[in-house]
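Structure file target_0.pdb; described as PDB, C-alpha atoms and all ligand atoms.
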```
ATOM      1  CA  MET A   1      47.883 -27.710  -7.483  1.00  0.00           C
ATOM      2  CA  LYS A   2      49.052 -24.199  -6.817  1.00  0.00           C
ATOM      3  CA  LYS A   3      46.985 -22.941  -9.769  1.00  0.00           C
ATOM      4  CA  LEU A   4      43.900 -24.727  -8.408  1.00  0.00           C
ATOM      5  CA  PHE A   5      44.493 -23.043  -5.049  1.00  0.00           C
ATOM      6  CA  SER A   6      44.574 -19.590  -6.641  1.00  0.00           C
ATOM      7  CA  TYR A   7      41.308 -20.287  -8.477  1.00  0.00           C
ATOM      8  CA  TYR A   8      39.711 -21.007  -5.099  1.00  0.00           C
ATOM      9  CA  LYS A   9      41.252 -17.845  -3.714  1.00  0.00           C
ATOM     10  CA  VAL A  10      39.763 -15.752  -6.516  1.00  0.00           C
ATOM     11  CA  LEU A  11      36.413 -17.469  -6.043  1.00  0.00           C
ATOM     12  CA  LEU A  12      36.509 -16.801  -2.298  1.00  0.00           C
ATOM     13  CA  ILE A  13      37.288 -13.108  -2.845  1.00  0.00           C
ATOM     14  CA  ALA A  14      34.451 -12.884  -5.384  1.00  0.00           C
ATOM     15  CA  VAL A  15      31.973 -14.454  -2.953  1.00  0.00           C
ATOM     16  CA  MET A  16      33.096 -12.068  -0.192  1.00  0.00           C
ATOM     17  CA  ALA A  17      32.702  -9.073  -2.514  1.00  0.00           C
ATOM     18  CA  VAL A  18      29.196 -10.101  -3.565  1.00  0.00           C
ATOM     19  CA  THR A  19      28.235 -10.633   0.083  1.00  0.00           C
ATOM     20  CA  MET A  20      29.541  -7.188   1.035  1.00  0.00           C
ATOM     21  CA  VAL A  21      27.644  -5.489  -1.807  1.00  0.00           C
ATOM     22  CA  ALA A  22      24.456  -7.378  -0.931  1.00  0.00           C
ATOM     23  CA  THR A  23      24.808  -6.323   2.715  1.00  0.00           C
ATOM     24  CA  PHE A  24      25.335  -2.723   1.678  1.00  0.00           C
ATOM     25  CA  ILE A  25      22.229  -2.720  -0.560  1.00  0.00           C
ATOM     26  CA  GLY A  26      20.225  -4.443   2.171  1.00  0.00           C
ATOM     27  CA  SER A  27      21.146  -1.778   4.713  1.00  0.00           C
ATOM     28  CA  GLY A  28      19.509   0.837   2.516  1.00  0.00           C
ATOM     29  CA  SER A  29      16.039  -0.506   3.140  1.00  0.00           C
ATOM     30  CA  ASP A  30      14.135  -0.536   6.395  1.00  0.00           C
ATOM     31  CA  SER A  31      13.913  -3.411   8.778  1.00  0.00           C
ATOM     32  CA  ALA A  32      10.194  -2.834   9.441  1.00  0.00           C
ATOM     33  CA  SER A  33       7.820  -5.517   8.249  1.00  0.00           C
ATOM     34  CA  HIS A  34       7.882  -4.722   4.571  1.00  0.00           C
ATOM     35  CA  SER A  35       6.389  -7.551   2.579  1.00  0.00           C
ATOM     36  CA  GLY A  36       6.268  -5.842  -0.774  1.00  0.00           C
ATOM     37  CA  SER A  37       8.390  -3.457  -2.772  1.00  0.00           C
ATOM     38  CA  VAL A  38       8.160   0.306  -2.420  1.00  0.00           C
ATOM     39  CA  THR A  39       7.355   2.288  -5.566  1.00  0.00           C
ATOM     40  CA  CYS A  40       7.769   6.061  -5.637  1.00  0.00           C
ATOM     41  CA  ASP A  41       6.067   8.630  -7.844  1.00  0.00           C
ATOM     42  CA  PRO A  42       8.913  10.713  -9.308  1.00  0.00           C
ATOM     43  CA  THR A  43       6.571  13.709  -9.650  1.00  0.00           C
ATOM     44  CA  THR A  44       5.157  13.914  -6.125  1.00  0.00           C
ATOM     45  CA  LEU A  45       7.944  11.968  -4.371  1.00  0.00           C
ATOM     46  CA  ARG A  46       5.265  10.006  -2.524  1.00  0.00           C
ATOM     47  CA  CYS A  47       6.087   6.305  -2.093  1.00  0.00           C
ATOM     48  CA  TYR A  48       3.721   3.345  -1.840  1.00  0.00           C
ATOM     49  CA  GLU A  49       3.823  -0.293  -0.808  1.00  0.00           C
ATOM     50  CA  HIS A  50       1.221  -3.048  -0.996  1.00  0.00           C
ATOM     51  CA  VAL A  51       1.386  -5.102   2.202  1.00  0.00           C
ATOM     52  CA  THR A  52       0.111  -8.520   1.209  1.00  0.00           C
ATOM     53  CA  THR A  53      -0.441  -9.800   4.756  1.00  0.00           C
ATOM     54  CA  VAL A  54      -4.146  -9.535   5.589  1.00  0.00           C
ATOM     55  CA  ALA A  55      -5.440  -7.689   8.648  1.00  0.00           C
ATOM     56  CA  ASP A  56      -8.581  -5.979   9.894  1.00  0.00           C
ATOM     57  CA  TRP A  57      -8.619  -2.249   9.118  1.00  0.00           C
ATOM     58  CA  ASP A  58      -7.549  -1.046  12.584  1.00  0.00           C
ATOM     59  CA  THR A  59      -4.640  -3.483  12.727  1.00  0.00           C
ATOM     60  CA  ALA A  60      -3.611  -2.451   9.214  1.00  0.00           C
ATOM     61  CA  ASN A  61      -3.864   1.210  10.208  1.00  0.00           C
ATOM     62  CA  ALA A  62      -1.590   0.689  13.232  1.00  0.00           C
ATOM     63  CA  ALA A  63       0.868  -1.431  11.258  1.00  0.00           C
ATOM     64  CA  ALA A  64       1.098   1.170   8.502  1.00  0.00           C
ATOM     65  CA  GLN A  65       1.899   3.891  11.041  1.00  0.00           C
ATOM     66  CA  ALA A  66       4.674   1.751  12.507  1.00  0.00           C
ATOM     67  CA  MET A  67       6.361   1.389   9.114  1.00  0.00           C
ATOM     68  CA  THR A  68       9.008   3.710   7.728  1.00  0.00           C
ATOM     69  CA  HIS A  69      10.697   4.077   4.360  1.00  0.00           C
ATOM     70  CA  GLU A  70      13.933   6.046   4.169  1.00  0.00           C
ATOM     71  CA  GLY A  71      13.046   7.888   7.360  1.00  0.00           C
ATOM     72  CA  VAL A  72       9.482   8.751   6.334  1.00  0.00           C
ATOM     73  CA  SER A  73       6.658   7.349   8.484  1.00  0.00           C
ATOM     74  CA  GLY A  74       3.918   5.382   6.783  1.00  0.00           C
ATOM     75  CA  HIS A  75       0.140   5.529   6.889  1.00  0.00           C
ATOM     76  CA  LEU A  76      -2.658   3.792   5.023  1.00  0.00           C
ATOM     77  CA  VAL A  77      -2.709   5.340   1.571  1.00  0.00           C
ATOM     78  CA  THR A  78      -4.656   8.568   1.113  1.00  0.00           C
ATOM     79  CA  LEU A  79      -5.878   8.969  -2.447  1.00  0.00           C
ATOM     80  CA  THR A  80      -6.543  12.688  -2.637  1.00  0.00           C
ATOM     81  CA  SER A  81      -6.513  13.216  -6.408  1.00  0.00           C
ATOM     82  CA  ALA A  82      -7.216  11.452  -9.683  1.00  0.00           C
ATOM     83  CA  ALA A  83      -3.489  11.609 -10.465  1.00  0.00           C
ATOM     84  CA  GLU A  84      -2.558   9.865  -7.234  1.00  0.00           C
ATOM     85  CA  THR A  85      -5.240   7.242  -7.855  1.00  0.00           C
ATOM     86  CA  GLN A  86      -3.938   6.644 -11.364  1.00  0.00           C
ATOM     87  CA  PHE A  87      -0.386   6.156 -10.099  1.00  0.00           C
ATOM     88  CA  VAL A  88      -1.403   3.664  -7.420  1.00  0.00           C
ATOM     89  CA  VAL A  89      -3.795   1.778  -9.705  1.00  0.00           C
ATOM     90  CA  ALA A  90      -1.133   1.553 -12.426  1.00  0.00           C
ATOM     91  CA  ASN A  91       1.533   0.261 -10.034  1.00  0.00           C
ATOM     92  CA  PHE A  92      -0.526  -1.869  -7.650  1.00  0.00           C
ATOM     93  CA  ALA A  93      -3.115  -3.604  -9.791  1.00  0.00           C
ATOM     94  CA  THR A  94      -3.199  -6.587  -7.450  1.00  0.00           C
ATOM     95  CA  ALA A  95      -4.071  -4.357  -4.490  1.00  0.00           C
ATOM     96  CA  VAL A  96      -7.037  -3.014  -6.436  1.00  0.00           C
ATOM     97  CA  SER A  97      -8.242  -6.399  -7.646  1.00  0.00           C
ATOM     98  CA  THR A  98      -8.014  -7.951  -4.163  1.00  0.00           C
ATOM     99  CA  HIS A  99      -9.917  -5.169  -2.344  1.00  0.00           C
ATOM    100  CA  ALA A 100      -6.943  -3.805  -0.378  1.00  0.00           C
ATOM    101  CA  TYR A 101      -7.717  -1.336   2.407  1.00  0.00           C
ATOM    102  CA  ILE A 102      -6.949   2.366   2.012  1.00  0.00           C
ATOM    103  CA  GLY A 103      -6.866   5.133   4.619  1.00  0.00           C
ATOM    104  CA  GLY A 104     -10.455   6.374   4.497  1.00  0.00           C
ATOM    105  CA  TYR A 105     -12.931   5.904   7.349  1.00  0.00           C
ATOM    106  CA  ARG A 106     -16.398   7.060   8.321  1.00  0.00           C
ATOM    107  CA  ILE A 107     -16.870   9.825  10.861  1.00  0.00           C
ATOM    108  CA  PRO A 108     -20.155  10.917  12.509  1.00  0.00           C
ATOM    109  CA  GLY A 109     -22.816  12.396  10.258  1.00  0.00           C
ATOM    110  CA  ASP A 110     -22.076  10.036   7.368  1.00  0.00           C
ATOM    111  CA  ASN A 111     -18.933  11.960   6.557  1.00  0.00           C
ATOM    112  CA  TRP A 112     -15.627  10.409   5.640  1.00  0.00           C
ATOM    113  CA  ALA A 113     -12.057  11.296   6.534  1.00  0.00           C
ATOM    114  CA  TRP A 114      -8.480  10.345   5.711  1.00  0.00           C
ATOM    115  CA  VAL A 115      -6.188   8.957   8.402  1.00  0.00           C
ATOM    116  CA  THR A 116      -3.816  11.879   7.804  1.00  0.00           C
ATOM    117  CA  GLY A 117      -6.476  14.561   8.230  1.00  0.00           C
ATOM    118  CA  GLU A 118      -6.112  15.623   4.583  1.00  0.00           C
ATOM    119  CA  PRO A 119      -9.389  17.050   3.161  1.00  0.00           C
ATOM    120  CA  PHE A 120     -11.733  14.313   1.937  1.00  0.00           C
ATOM    121  CA  THR A 121     -12.733  16.246  -1.161  1.00  0.00           C
ATOM    122  CA  TYR A 122     -11.653  14.046  -4.076  1.00  0.00           C
ATOM    123  CA  THR A 123     -13.577  10.745  -3.989  1.00  0.00           C
ATOM    124  CA  ASN A 124     -13.650   7.679  -6.203  1.00  0.00           C
ATOM    125  CA  TRP A 125     -16.651   5.756  -4.879  1.00  0.00           C
ATOM    126  CA  SER A 126     -17.976   2.998  -7.032  1.00  0.00           C
ATOM    127  CA  PRO A 127     -21.363   4.050  -8.470  1.00  0.00           C
ATOM    128  CA  GLY A 128     -23.999   3.662  -5.763  1.00  0.00           C
ATOM    129  CA  TYR A 129     -21.497   3.725  -2.873  1.00  0.00           C
ATOM    130  CA  PRO A 130     -21.371   4.442  -0.066  1.00  0.00           C
ATOM    131  CA  PRO A 131     -24.959   3.515   0.812  1.00  0.00           C
ATOM    132  CA  GLU A 132     -26.991   5.512   3.318  1.00  0.00           C
ATOM    133  CA  PRO A 133     -25.602   5.070   6.847  1.00  0.00           C
ATOM    134  CA  THR A 134     -28.928   3.826   8.138  1.00  0.00           C
ATOM    135  CA  LEU A 135     -28.765   0.989   5.641  1.00  0.00           C
ATOM    136  CA  ASN A 136     -25.140   0.065   6.168  1.00  0.00           C
ATOM    137  CA  SER A 137     -23.855   1.693   9.331  1.00  0.00           C
ATOM    138  CA  TYR A 138     -21.429  -1.132  10.116  1.00  0.00           C
ATOM    139  CA  GLU A 139     -19.375  -0.444   6.985  1.00  0.00           C
ATOM    140  CA  THR A 140     -17.076   2.284   8.243  1.00  0.00           C
ATOM    141  CA  VAL A 141     -13.825   2.000   6.291  1.00  0.00           C
ATOM    142  CA  VAL A 142     -12.759   2.168   2.651  1.00  0.00           C
ATOM    143  CA  GLU A 143     -11.390  -0.590   0.436  1.00  0.00           C
ATOM    144  CA  PHE A 144     -10.638  -0.813  -3.253  1.00  0.00           C
ATOM    145  CA  PHE A 145     -13.635  -2.197  -5.068  1.00  0.00           C
ATOM    146  CA  HIS A 146     -13.351  -4.474  -8.029  1.00  0.00           C
ATOM    147  CA  SER A 147     -15.879  -6.762  -9.555  1.00  0.00           C
ATOM    148  CA  GLY A 148     -15.180  -6.615 -13.225  1.00  0.00           C
ATOM    149  CA  THR A 149     -16.645  -3.631 -15.011  1.00  0.00           C
ATOM    150  CA  VAL A 150     -18.515  -1.068 -12.929  1.00  0.00           C
ATOM    151  CA  GLY A 151     -20.206   1.934 -14.447  1.00  0.00           C
ATOM    152  CA  GLY A 152     -18.443   1.321 -17.742  1.00  0.00           C
ATOM    153  CA  HIS A 153     -15.009   1.265 -16.114  1.00  0.00           C
ATOM    154  CA  THR A 154     -12.903  -1.771 -15.324  1.00  0.00           C
ATOM    155  CA  ASN A 155     -10.576  -1.931 -12.345  1.00  0.00           C
ATOM    156  CA  VAL A 156     -10.030   1.810 -11.993  1.00  0.00           C
ATOM    157  CA  GLY A 157      -9.615   1.776  -8.233  1.00  0.00           C
ATOM    158  CA  HIS A 158     -13.190   2.516  -7.308  1.00  0.00           C
ATOM    159  CA  TRP A 159     -13.955   2.486  -3.583  1.00  0.00           C
ATOM    160  CA  ASN A 160     -16.340   0.466  -1.483  1.00  0.00           C
ATOM    161  CA  ASP A 161     -17.261   0.968   2.176  1.00  0.00           C
ATOM    162  CA  GLN A 162     -16.386  -2.152   4.134  1.00  0.00           C
ATOM    163  CA  ASN A 163     -16.819  -3.647   7.600  1.00  0.00           C
ATOM    164  CA  ARG A 164     -13.533  -2.821   9.393  1.00  0.00           C
ATOM    165  CA  ALA A 165     -13.336  -6.343  10.906  1.00  0.00           C
ATOM    166  CA  ILE A 166     -12.915  -7.911   7.463  1.00  0.00           C
ATOM    167  CA  GLN A 167      -9.373  -9.142   6.733  1.00  0.00           C
ATOM    168  CA  ARG A 168      -7.729  -7.380   3.813  1.00  0.00           C
ATOM    169  CA  THR A 169      -4.290  -6.590   2.468  1.00  0.00           C
ATOM    170  CA  TYR A 170      -3.507  -2.858   2.497  1.00  0.00           C
ATOM    171  CA  VAL A 171      -1.563  -0.127   0.756  1.00  0.00           C
ATOM    172  CA  VAL A 172       0.837   2.053   2.738  1.00  0.00           C
ATOM    173  CA  GLU A 173       1.972   5.517   1.679  1.00  0.00           C
ATOM    174  CA  PHE A 174       5.236   7.139   2.803  1.00  0.00           C
TER     175      PHE A 174
HETATM  176 CA    CA A 201      -1.690  10.491  -0.566  1.00  0.00          CA
END
```

Before anything else, please render the file you have as C-alpha cells.
Ligand SMILES: [Ca+2]
Amino acid sequence: MKKLFSYYKVLLIAVMAVTMVATFIGSGSDSASHSGSVTCDPTTLRCYEHVTTVADWDTANAAAQAMTHEGVSGHLVTLTSAAETQFVVANFATAVSTHAYIGGYRIPGDNWAWVTGEPFTYTNWSPGYPPEPTLNSYETVVEFFHSGTVGGHTNVGHWNDQNRAIQRTYVVEF
C-alpha cells in the first residue's frame, strides 16, 4: 500500500511539472485573438499569421492592428517583394487558395497603397487585374486570387481587387 501511495505521489509531481511547463510556454505567446500559428522568416525577421475567422476588409484591418506578437504590432500583410510573396505563399497556401485579404487598398486616381504606407511598387496582380476603376469602382481592396491556373501559373499568390464588404480570412504581418 505504501508503494502504491508513492507511485501516486510521483504521478502527481509529474502532472504538476507538465502543467508548470505548459503554463510557461503558454505565457510566451500573446493573449490577443490569435487563431492560427505565427511563422517567421528567418532572413527578414518578419512574422506572419493567417487568421481563419472571416471579416470584411475594414474589420480585418482593425483587428490586425490590434494584434501583437512578441511586442510587435500587427497589420494586414504587405507583400512588397517577390521574396516576401514567395515566403507567405509557401507557408500559407490555404490563405492563398481561400482568397484571404492582404493590406492593399485603392486610393483616389486608381492608385493603390499599403496599410503601412510602404511604397506600392512591387505588384502581383493576376493577369487582367485590377480592371479600370470606371468598370469596377466598388472593388477597393486586395485579396489573394486563386482559381486554378492563371497565366500559366498555379496558386502563386496573385492578387484580385475585391469589394471590401466581402467576408474573408486575412493574413497579418508582425
Ligand atoms: Ca511586408

Resolved residues for the PyMOL selection byres (((chain A and resi 93-110) around 7) and not hetatm) as JSON, numbers by chain: {"A": [50, 57, 76, 77, 78, 89, 90, 91, 92, 111, 112, 113, 114, 115, 133, 140, 141, 142, 143, 144, 145, 146, 155, 157, 168, 169, 170, 171]}

From the list A:Val172, A:Val156, A:Ala63, A:Ala55, which residue is nearest ligand CA 201 (chain A) when using all atoms listed in the file? A:Val172

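Contacts with ligand CA 201 (chain A) are defined as any residue atom within 9 Å of a ligand atom, using all atoms listed in the file; the residues meeting this criterion are Arg46, Cys47, Leu76, Val77, Thr78, Leu79, Thr80, Ser81, Glu84, Thr85, Thr116, Glu118, Glu173 and Phe174 of chain A.
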
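The set of residues that the PyMOL selection byres (((chain A and resi 56) around 8) and not hetatm) takes from this file is Val54, Ala55, Trp57, Asp58, Thr59, Ala60, Arg164, Ala165, Ile166, Gln167 and Arg168 of chain A.
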
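Reported to one decimal place, the separation of atom CA of Asn160 of chain A from atom CA of Asn61 of chain A is 17.1 Å.
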
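Taking atom CA of Val88 of chain A and atom CA of Glu70 of chain A as endpoints, the distance between them is 19.4 Å.
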
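Closest approach to Thr121 of chain A among A:Tyr138, A:Asp41, A:Thr53, A:Ala82 is made by A:Ala82 (distances from only C-alpha atoms).
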